>>> print(open('my_file.cif').read())   # mmCIF, C-alpha atoms
data_model
loop_
_atom_site.label_atom_id
_atom_site.label_comp_id
_atom_site.auth_asym_id
_atom_site.auth_seq_id
_atom_site.Cartn_x
_atom_site.Cartn_y
_atom_site.Cartn_z
CA MET A 20 145.54 119.35 117.68
CA SER A 21 147.48 116.31 116.59
CA PHE A 22 146.42 116.56 112.98
CA LEU A 23 147.94 119.95 112.25
CA LEU A 24 151.23 118.12 111.73
CA HIS A 25 149.59 115.53 109.47
CA SER A 26 146.64 116.82 107.51
CA PRO A 27 143.68 114.40 107.25
CA LEU A 28 143.94 114.83 103.49
CA GLU A 29 147.35 113.15 103.39
CA GLN A 30 145.73 109.73 103.04
CA PHE A 31 144.71 110.64 99.49
CA GLU A 32 148.23 111.27 98.20
CA VAL A 33 149.25 109.14 95.26
CA SER A 34 152.70 107.71 95.83
CA SER A 35 154.78 105.50 93.62
CA LEU A 36 155.35 101.94 94.84
CA VAL A 37 157.59 100.50 92.17
CA ASN A 38 159.22 102.70 89.62
CA LEU A 39 161.62 102.49 86.74
CA GLN A 40 163.45 105.66 85.82
CA LEU A 41 165.60 105.81 82.73
CA PRO A 42 167.29 108.89 81.27
CA VAL A 43 166.18 107.79 77.80
CA LEU A 44 163.75 109.55 75.39
CA GLY A 45 163.80 112.61 77.60
CA TYR A 46 163.29 111.21 81.08
CA THR A 47 161.22 108.01 81.18
CA ASN A 48 159.48 107.25 84.45
CA ILE A 49 157.34 104.14 84.49
CA SER A 50 155.86 103.65 87.90
CA LEU A 51 153.20 101.60 89.60
CA THR A 52 151.49 103.91 92.09
CA ASN A 53 149.13 102.97 94.90
CA LEU A 54 146.30 104.26 92.68
CA GLY A 55 147.40 101.91 89.89
CA LEU A 56 147.68 98.99 92.27
CA TYR A 57 144.19 99.54 93.69
CA THR A 58 142.71 99.93 90.21
CA ILE A 59 144.20 96.53 89.39
CA ILE A 60 142.73 95.21 92.65
CA ALA A 61 139.26 96.58 91.80
CA VAL A 62 139.31 94.96 88.34
CA TYR A 63 140.66 91.73 89.82
CA LEU A 64 137.91 91.63 92.44
CA SER A 65 135.21 92.22 89.82
CA LEU A 66 136.55 89.39 87.65
CA ALA A 67 137.15 87.10 90.64
CA PHE A 68 133.61 87.65 91.91
CA HIS A 69 132.25 86.55 88.54
CA PHE A 70 134.54 83.50 88.39
CA VAL A 71 133.64 82.36 91.89
CA ALA A 72 129.94 82.94 91.33
CA SER A 73 129.93 80.92 88.10
CA ASN A 74 130.08 77.95 90.45
CA ASN A 75 131.66 75.49 87.97
CA LYS A 76 128.49 75.75 85.88
CA SER A 77 126.54 73.57 88.33
CA VAL A 78 122.76 73.88 88.25
CA ILE A 79 122.14 74.42 91.96
CA PRO A 80 123.37 77.92 92.82
CA SER A 81 125.75 78.59 95.67
CA ARG A 82 125.36 81.73 97.76
CA TRP A 83 127.83 83.55 95.49
CA SER A 84 125.71 82.63 92.46
CA ILE A 85 122.55 83.86 94.11
CA SER A 86 124.17 87.17 95.03
CA LEU A 87 125.53 87.60 91.50
CA GLU A 88 122.16 86.75 89.94
CA SER A 89 120.37 89.20 92.22
CA SER A 90 122.83 92.01 91.51
CA PHE A 91 122.58 91.30 87.77
CA ALA A 92 118.79 91.44 88.06
CA SER A 93 118.98 94.77 89.92
CA VAL A 94 121.26 96.39 87.34
CA HIS A 95 119.18 94.92 84.50
CA SER A 96 115.95 96.30 85.98
CA LEU A 97 117.67 99.67 86.55
CA VAL A 98 118.72 99.85 82.89
CA LYS A 99 115.33 98.71 81.63
CA ALA A 100 113.44 101.18 83.85
CA GLN A 101 115.62 104.10 82.80
CA ILE A 102 116.38 103.48 79.15
CA GLY A 103 113.53 101.23 78.02
CA ALA A 104 113.33 97.63 76.94
CA ALA A 105 114.69 98.12 73.42
CA ASN A 106 117.99 99.60 74.55
CA GLU A 107 119.70 96.81 76.49
CA VAL A 108 122.74 97.38 74.30
CA TYR A 109 123.96 99.62 77.10
CA LEU A 110 123.59 96.98 79.83
CA PRO A 111 127.19 95.60 79.69
CA PHE A 112 128.61 99.11 79.97
CA ILE A 113 126.49 100.13 82.94
CA TYR A 114 126.95 96.73 84.59
CA SER A 115 130.75 96.91 84.45
CA LEU A 116 130.67 100.57 85.52
CA PHE A 117 128.60 99.59 88.56
CA PHE A 118 130.91 96.78 89.60
CA PHE A 119 134.10 98.77 89.03
CA ILE A 120 132.90 101.73 91.12
CA LEU A 121 131.48 99.39 93.77
CA PHE A 122 134.68 97.41 94.26
CA ALA A 123 136.82 100.56 94.03
CA ASN A 124 134.77 102.19 96.79
CA LEU A 125 134.68 99.07 98.95
CA SER A 126 138.46 98.54 98.73
CA GLY A 127 138.86 101.87 100.48
CA ASN A 128 136.68 100.79 103.37
CA VAL A 129 139.16 98.07 104.27
CA PRO A 130 141.56 99.64 106.84
CA TYR A 131 144.69 101.06 105.19
CA GLY A 132 143.13 100.59 101.77
CA PHE A 133 143.29 103.34 99.18
CA THR A 134 140.06 104.42 97.47
CA VAL A 135 140.67 104.94 93.79
CA THR A 136 137.64 107.20 93.43
CA THR A 137 139.03 109.74 95.92
CA SER A 138 141.26 110.84 93.08
CA ILE A 139 139.49 113.67 91.24
CA ILE A 140 141.13 112.52 88.02
CA VAL A 141 139.46 109.10 88.25
CA ALA A 142 136.03 110.44 89.16
CA LEU A 143 136.04 113.34 86.68
CA GLY A 144 137.67 111.14 84.05
CA LEU A 145 134.79 108.67 84.26
CA SER A 146 132.11 111.35 84.24
CA VAL A 147 133.56 113.57 81.48
CA THR A 148 134.18 110.50 79.29
CA ILE A 149 130.60 109.36 79.83
CA PHE A 150 129.32 112.87 79.07
CA LEU A 151 131.34 113.11 75.85
CA GLY A 152 130.26 109.61 74.80
CA VAL A 153 126.60 110.36 75.45
CA THR A 154 126.79 113.66 73.54
CA ILE A 155 128.52 112.04 70.56
CA LEU A 156 125.93 109.24 70.61
CA SER A 157 123.10 111.74 70.60
CA LEU A 158 124.67 113.83 67.82
CA SER A 159 125.18 110.74 65.68
CA LEU A 160 121.60 109.55 66.25
CA HIS A 161 119.80 112.86 65.79
CA LYS A 162 122.30 114.99 63.84
CA LEU A 163 121.27 118.65 64.13
CA HIS A 164 117.94 117.82 65.79
CA PHE A 165 120.00 117.23 68.93
CA PHE A 166 119.87 120.95 69.70
CA SER A 167 116.11 120.78 70.13
CA PHE A 168 116.91 119.14 73.48
CA PHE A 169 117.75 122.56 74.88
CA VAL A 170 114.35 124.06 74.12
CA PRO A 171 111.94 122.69 76.73
CA THR A 172 108.53 121.71 75.37
CA GLY A 173 105.71 124.12 76.05
CA ALA A 174 107.92 127.11 76.82
CA PRO A 175 106.53 130.56 75.86
CA THR A 176 108.38 131.89 72.82
CA ALA A 177 109.46 135.08 74.56
CA LEU A 178 111.37 133.14 77.23
CA ILE A 179 113.28 130.84 74.88
CA PRO A 180 116.38 133.12 74.50
CA LEU A 181 116.57 133.13 78.28
CA LEU A 182 115.96 129.42 78.82
CA VAL A 183 118.31 127.99 76.18
CA PRO A 184 121.60 129.23 77.76
CA ILE A 185 120.40 128.00 81.15
CA GLU A 186 119.58 124.60 79.69
CA ILE A 187 122.96 124.44 77.93
CA ILE A 188 124.83 125.31 81.12
CA SER A 189 122.90 122.77 83.16
CA TYR A 190 123.64 120.14 80.47
CA LEU A 191 127.35 120.94 80.59
CA ALA A 192 127.26 120.84 84.39
CA ARG A 193 126.20 117.19 84.22
CA ALA A 194 129.74 116.19 83.27
CA VAL A 195 131.18 117.86 86.35
CA SER A 196 128.44 117.07 88.84
CA LEU A 197 128.39 113.34 88.12
CA GLY A 198 132.09 112.98 88.92
CA VAL A 199 132.27 115.50 91.75
CA ARG A 200 129.33 113.81 93.50
CA LEU A 201 131.22 110.51 93.64
CA PHE A 202 134.53 112.21 94.52
CA ALA A 203 133.10 114.45 97.25
CA ASN A 204 131.15 111.65 98.95
CA MET A 205 134.21 109.41 99.12
CA VAL A 206 136.63 112.15 100.22
CA ALA A 207 134.26 113.56 102.85
CA GLY A 208 133.60 110.13 104.35
CA HIS A 209 137.23 109.14 104.52
CA THR A 210 138.32 112.55 105.87
CA LEU A 211 135.71 112.33 108.62
CA LEU A 212 136.92 108.86 109.57
CA LYS A 213 140.55 110.04 109.60
CA ILE A 214 139.73 113.02 111.84
CA LEU A 215 137.76 110.88 114.30
CA SER A 216 140.40 108.19 114.44
CA GLY A 217 142.96 110.93 115.04
CA PHE A 218 141.06 111.66 118.24
CA LEU A 219 140.31 108.05 119.19
CA ALA A 220 143.79 106.59 118.77
CA PRO A 221 145.52 108.72 121.48
CA MET A 222 142.55 108.10 123.78
CA PHE A 223 142.88 104.35 123.35
CA THR A 224 146.59 104.28 124.08
CA SER A 225 146.61 106.43 127.22
CA GLY A 226 145.94 104.11 130.14
CA ILE A 227 143.59 101.21 130.77
CA ILE A 228 140.67 103.22 132.19
CA ALA A 229 140.76 105.69 129.27
CA ALA A 230 140.82 102.73 126.87
CA VAL A 231 137.68 101.23 128.40
CA VAL A 232 135.85 104.58 128.43
CA THR A 233 136.82 105.18 124.79
CA LEU A 234 134.82 102.11 123.73
CA LEU A 235 131.67 104.25 123.76
CA PRO A 236 132.77 106.80 121.12
CA PHE A 237 134.34 103.88 119.30
CA THR A 238 130.91 102.34 118.74
CA ILE A 239 129.89 105.58 117.02
CA PHE A 240 133.02 105.26 114.87
CA VAL A 241 132.09 101.69 113.92
CA ALA A 242 128.56 102.88 113.02
CA LEU A 243 130.16 105.53 110.78
CA ILE A 244 132.18 102.82 109.02
CA GLY A 245 128.88 101.01 108.40
CA LEU A 246 127.53 104.25 106.94
CA GLU A 247 130.62 104.50 104.72
CA ILE A 248 129.97 101.00 103.34
CA ALA A 249 126.35 101.97 102.64
CA VAL A 250 127.51 105.18 100.94
CA SER A 251 129.88 103.11 98.74
CA PHE A 252 126.92 101.06 97.50
CA ILE A 253 124.66 104.09 97.14
CA GLN A 254 127.23 106.12 95.18
CA ALA A 255 127.87 103.26 92.75
CA TYR A 256 124.10 102.82 92.28
CA VAL A 257 123.47 106.56 91.81
CA PHE A 258 126.34 106.92 89.32
CA CYS A 259 124.85 104.12 87.22
CA ILE A 260 121.26 105.31 87.43
CA LEU A 261 122.27 108.82 86.40
CA THR A 262 124.39 107.48 83.52
CA ALA A 263 121.35 105.48 82.36
CA SER A 264 119.18 108.59 82.70
CA TYR A 265 121.62 110.66 80.58
CA LEU A 266 121.64 107.87 77.97
CA LYS A 267 117.86 107.98 77.87
CA ASP A 268 117.96 111.76 77.38
CA ALA A 269 120.44 111.29 74.56
CA ILE A 270 118.37 108.62 72.80
CA ASP A 271 114.90 110.07 73.31
CA LEU A 272 115.75 113.81 73.42
CA HIS A 273 113.19 114.70 76.08
CA MET B 14 146.81 136.35 109.03
CA LEU B 15 146.20 134.18 106.01
CA ALA B 16 145.96 131.07 108.19
CA SER B 17 143.26 132.58 110.38
CA ALA B 18 141.39 133.87 107.33
CA LYS B 19 141.46 130.36 105.87
CA ILE B 20 140.03 128.91 109.06
CA ILE B 21 137.30 131.56 109.25
CA GLY B 22 136.47 131.09 105.57
CA SER B 23 136.16 127.33 105.82
CA GLY B 24 134.00 127.68 108.92
CA LEU B 25 131.67 130.03 107.06
CA ALA B 26 131.57 127.66 104.09
CA THR B 27 130.24 124.78 106.17
CA ILE B 28 127.07 126.79 106.88
CA GLY B 29 125.90 125.62 103.45
CA LEU B 30 125.58 122.05 104.74
CA ALA B 31 122.36 123.10 106.48
CA GLY B 32 120.77 122.95 103.04
CA ALA B 33 121.85 119.34 102.62
CA GLY B 34 120.34 118.43 105.99
CA VAL B 35 117.02 120.08 105.12
CA GLY B 36 116.95 118.46 101.70
CA ILE B 37 117.62 114.94 102.96
CA GLY B 38 115.04 115.38 105.71
CA LEU B 39 112.45 116.49 103.15
CA VAL B 40 113.18 113.50 100.90
CA PHE B 41 112.82 110.90 103.60
CA GLY B 42 109.89 112.64 105.29
CA ASN B 43 108.02 112.53 102.01
CA LEU B 44 109.03 108.89 101.60
CA ILE B 45 107.37 108.07 104.91
CA THR B 46 104.23 109.98 103.94
CA ALA B 47 104.06 108.37 100.52
CA THR B 48 104.62 104.88 101.92
CA SER B 49 101.83 105.43 104.42
CA ARG B 50 99.50 106.41 101.60
CA ASN B 51 100.37 103.42 99.40
CA PRO B 52 102.43 100.70 101.12
CA ALA B 53 102.44 98.55 97.99
CA LEU B 54 104.87 100.92 96.26
CA ARG B 55 107.42 100.67 99.07
CA GLY B 56 110.27 99.21 97.00
CA GLN B 57 109.94 101.59 94.07
CA LEU B 58 109.55 104.62 96.34
CA PHE B 59 112.61 103.55 98.32
CA ALA B 60 114.68 103.40 95.14
CA TYR B 61 113.58 106.93 94.20
CA ALA B 62 114.29 108.09 97.76
CA ILE B 63 117.84 106.76 97.59
CA LEU B 64 118.37 108.59 94.29
CA GLY B 65 116.95 111.80 95.76
CA PHE B 66 119.08 111.41 98.89
CA ALA B 67 122.26 111.06 96.82
CA LEU B 68 121.45 114.13 94.72
CA ALA B 69 120.64 116.25 97.80
CA GLU B 70 123.77 115.00 99.57
CA ALA B 71 125.87 115.85 96.51
CA THR B 72 124.89 119.52 96.70
CA GLY B 73 125.86 119.63 100.36
CA LEU B 74 129.16 117.96 99.58
CA PHE B 75 129.97 120.50 96.87
CA CYS B 76 129.79 123.03 99.72
CA LEU B 77 132.00 120.86 101.95
CA MET B 78 134.53 120.59 99.12
CA MET B 79 134.71 124.39 99.00
CA ALA B 80 135.34 124.41 102.75
CA PHE B 81 138.17 121.88 102.38
CA LEU B 82 139.56 123.79 99.41
CA LEU B 83 139.71 126.94 101.49
CA LEU B 84 141.23 125.18 104.47
CA PHE B 85 143.86 122.98 102.86
CA GLY B 86 144.34 124.46 99.41
CA VAL B 87 146.00 127.83 98.98
#
>>> encode(input="my_file.cif", output="structure tokens")
Amino acid sequence: MSFLLHSPLEQFEVSSLVNLQLPVLGYTNISLTNLGLYTIIAVYLSLAFHFVASNNKSVIPSRWSISLESSFASVHSLVKAQIGAANEVYLPFIYSLFFFILFANLSGNVPYGFTVTTSIIVALGLSVTIFLGVTILSLSLHKLHFFSFFVPTGAPTALIPLLVPIEIISYLARAVSLGVRLFANMVAGHTLLKILSGFLAPMFTSGIIAAVVTLLPFTIFVALIGLEIAVSFIQAYVFCILTASYLKDAIDLH
Amino acid sequence: MLASAKIIGSGLATIGLAGAGVGIGLVFGNLITATSRNPALRGQLFAYAILGFALAEATGLFCLMMAFLLLFGV
């Protein structure tokens, strides 16, 4: 198997592109890694999309403006449906979260691009930060009444000592599951593509007849890339809708 | 010895993905049934189906992560 020499997980390694190493203050190492570069690219693409779609403030929208307005309307309706009309304070946060994760995922679908969200630190960092923020928000809004969230309404009194630890554990698991869902989807998709292309590339380069015959499994590979693009959109959408749902739980406590 | 145990372990771990397949099939099967009962709710039901698909897929991918951890991690 050709990939025993190069594991399909090697594409996720973070390597330094430009670094500055100084033996000062202990050992200072300031480096721009490929993860840092692609984070900058994701932020740049989000900002650039909004600049292009602002269309020089002309009244008649261009296609970019229409796409931006429709995506804004989708995120706005998502936030309103989940949190409720009075809580649009959270719309900028969820909107920027959606666009960052979307452009980060899509940058990895470009060939030879690096997906920032395949780093467990990025995915778990986002989800644990959101979990901590939501918990602190709920504690500040409800003070000690927050702990009534763990007692489900209408539970028989005898079962409460059994249910409360389960509820607490499932609440704590939200932090992990939100990030690992995004991470695992991205890593699994890219690993599958790497394994398949590890089979297709030698087949393409071994003779003209083999190259023509390989076009058939290659169409399956192209369909999988289409699936990966759909999964990028779906994972960004699901991350945002679950964040909005956790915010609603924090604000309304049921 | 350890290498073959890793390979066997990761192969056993991927059995858990059957659950993901069943779950996703259930979600979209019920979407088709629900849309046939009330075609007017198609957009809203599709949004819920995508959410349910992502949650079911996530559980399957937790299992796939364990398989990769056994195969490529020590």
>>> interface_residues(input="my_file.cif", of="chain A", to="chain B", cutoff="12 Å", atoms="all atoms listed in the file", output="PDB file with C-alpha atoms, in the coordinates of the input")
ATOM      1  CA  LEU A  23     147.940 119.950 112.250  1.00  0.00           C
ATOM      2  CA  HIS A  25     149.590 115.530 109.470  1.00  0.00           C
ATOM      3  CA  SER A  26     146.640 116.820 107.510  1.00  0.00           C
ATOM      4  CA  PRO A  27     143.680 114.400 107.250  1.00  0.00           C
ATOM      5  CA  LEU A  28     143.940 114.830 103.490  1.00  0.00           C
ATOM      6  CA  GLU A  29     147.350 113.150 103.390  1.00  0.00           C
ATOM      7  CA  SER A  93     118.980  94.770  89.920  1.00  0.00           C
ATOM      8  CA  SER A  96     115.950  96.300  85.980  1.00  0.00           C
ATOM      9  CA  LEU A  97     117.670  99.670  86.550  1.00  0.00           C
ATOM     10  CA  ALA A 100     113.440 101.180  83.850  1.00  0.00           C
ATOM     11  CA  GLN A 101     115.620 104.100  82.800  1.00  0.00           C
ATOM     12  CA  ILE A 139     139.490 113.670  91.240  1.00  0.00           C
ATOM     13  CA  ARG A 193     126.200 117.190  84.220  1.00  0.00           C
ATOM     14  CA  VAL A 195     131.180 117.860  86.350  1.00  0.00           C
ATOM     15  CA  SER A 196     128.440 117.070  88.840  1.00  0.00           C
ATOM     16  CA  LEU A 197     128.390 113.340  88.120  1.00  0.00           C
ATOM     17  CA  GLY A 198     132.090 112.980  88.920  1.00  0.00           C
ATOM     18  CA  VAL A 199     132.270 115.500  91.750  1.00  0.00           C
ATOM     19  CA  ARG A 200     129.330 113.810  93.500  1.00  0.00           C
ATOM     20  CA  LEU A 201     131.220 110.510  93.640  1.00  0.00           C
ATOM     21  CA  PHE A 202     134.530 112.210  94.520  1.00  0.00           C
ATOM     22  CA  ALA A 203     133.100 114.450  97.250  1.00  0.00           C
ATOM     23  CA  ASN A 204     131.150 111.650  98.950  1.00  0.00           C
ATOM     24  CA  MET A 205     134.210 109.410  99.120  1.00  0.00           C
ATOM     25  CA  VAL A 206     136.630 112.150 100.220  1.00  0.00           C
ATOM     26  CA  ALA A 207     134.260 113.560 102.850  1.00  0.00           C
ATOM     27  CA  GLY A 208     133.600 110.130 104.350  1.00  0.00           C
ATOM     28  CA  THR A 210     138.320 112.550 105.870  1.00  0.00           C
ATOM     29  CA  LEU A 211     135.710 112.330 108.620  1.00  0.00           C
ATOM     30  CA  ALA A 249     126.350 101.970 102.640  1.00  0.00           C
ATOM     31  CA  VAL A 250     127.510 105.180 100.940  1.00  0.00           C
ATOM     32  CA  SER A 251     129.880 103.110  98.740  1.00  0.00           C
ATOM     33  CA  PHE A 252     126.920 101.060  97.500  1.00  0.00           C
ATOM     34  CA  ILE A 253     124.660 104.090  97.140  1.00  0.00           C
ATOM     35  CA  GLN A 254     127.230 106.120  95.180  1.00  0.00           C
ATOM     36  CA  ALA A 255     127.870 103.260  92.750  1.00  0.00           C
ATOM     37  CA  TYR A 256     124.100 102.820  92.280  1.00  0.00           C
ATOM     38  CA  VAL A 257     123.470 106.560  91.810  1.00  0.00           C
ATOM     39  CA  PHE A 258     126.340 106.920  89.320  1.00  0.00           C
ATOM     40  CA  CYS A 259     124.850 104.120  87.220  1.00  0.00           C
ATOM     41  CA  ILE A 260     121.260 105.310  87.430  1.00  0.00           C
ATOM     42  CA  LEU A 261     122.270 108.820  86.400  1.00  0.00           C
ATOM     43  CA  SER A 264     119.180 108.590  82.700  1.00  0.00           C
TER      44      SER A 264
END
>>> resolve_selection(input="my_file.cif", expression="the PyMOL selection byres ((chain A and resi 58) around 12)", output="ChimeraX atom specification")
/A:51-57,59-65,119-127,132-138,141
>>> resolve_selection(input="my_file.cif", expression="the PyMOL selection byres ((chain B and resi 83) around 10)", output="count of residues only")
18
>>> resolve_selection(input="my_file.cif", expression="the PyMOL selection byres ((chain A and resi 107) around 12)", output="PyMOL selection string")
chain A and resi 94-106+108-114+263+266-267
>>> residues_around(input="my_file.cif", residues="range 151-162 of chain A", least_positions_apart="4", cutoff="9 Å", atoms="all atoms listed in the file", output="VMD selection string")
chain A and resid 146 to 147 166 194 262 265 to 266 268 to 272
>>> axis_aligned_box(input="my_file.cif", around="range 121-132 of chain A", padding_each_side="5 Å", output="AutoDock Vina command-line options")
--center_x 138.1 --center_y 99.8 --center_z 100.3 --size_x 23.2 --size_y 14.8 --size_z 23.1
>>> atom_distance(input="my_file.cif", atom1="CA of Thr238 in chain A", atom2="CA of Gly36 in chain B")
27.3 Å
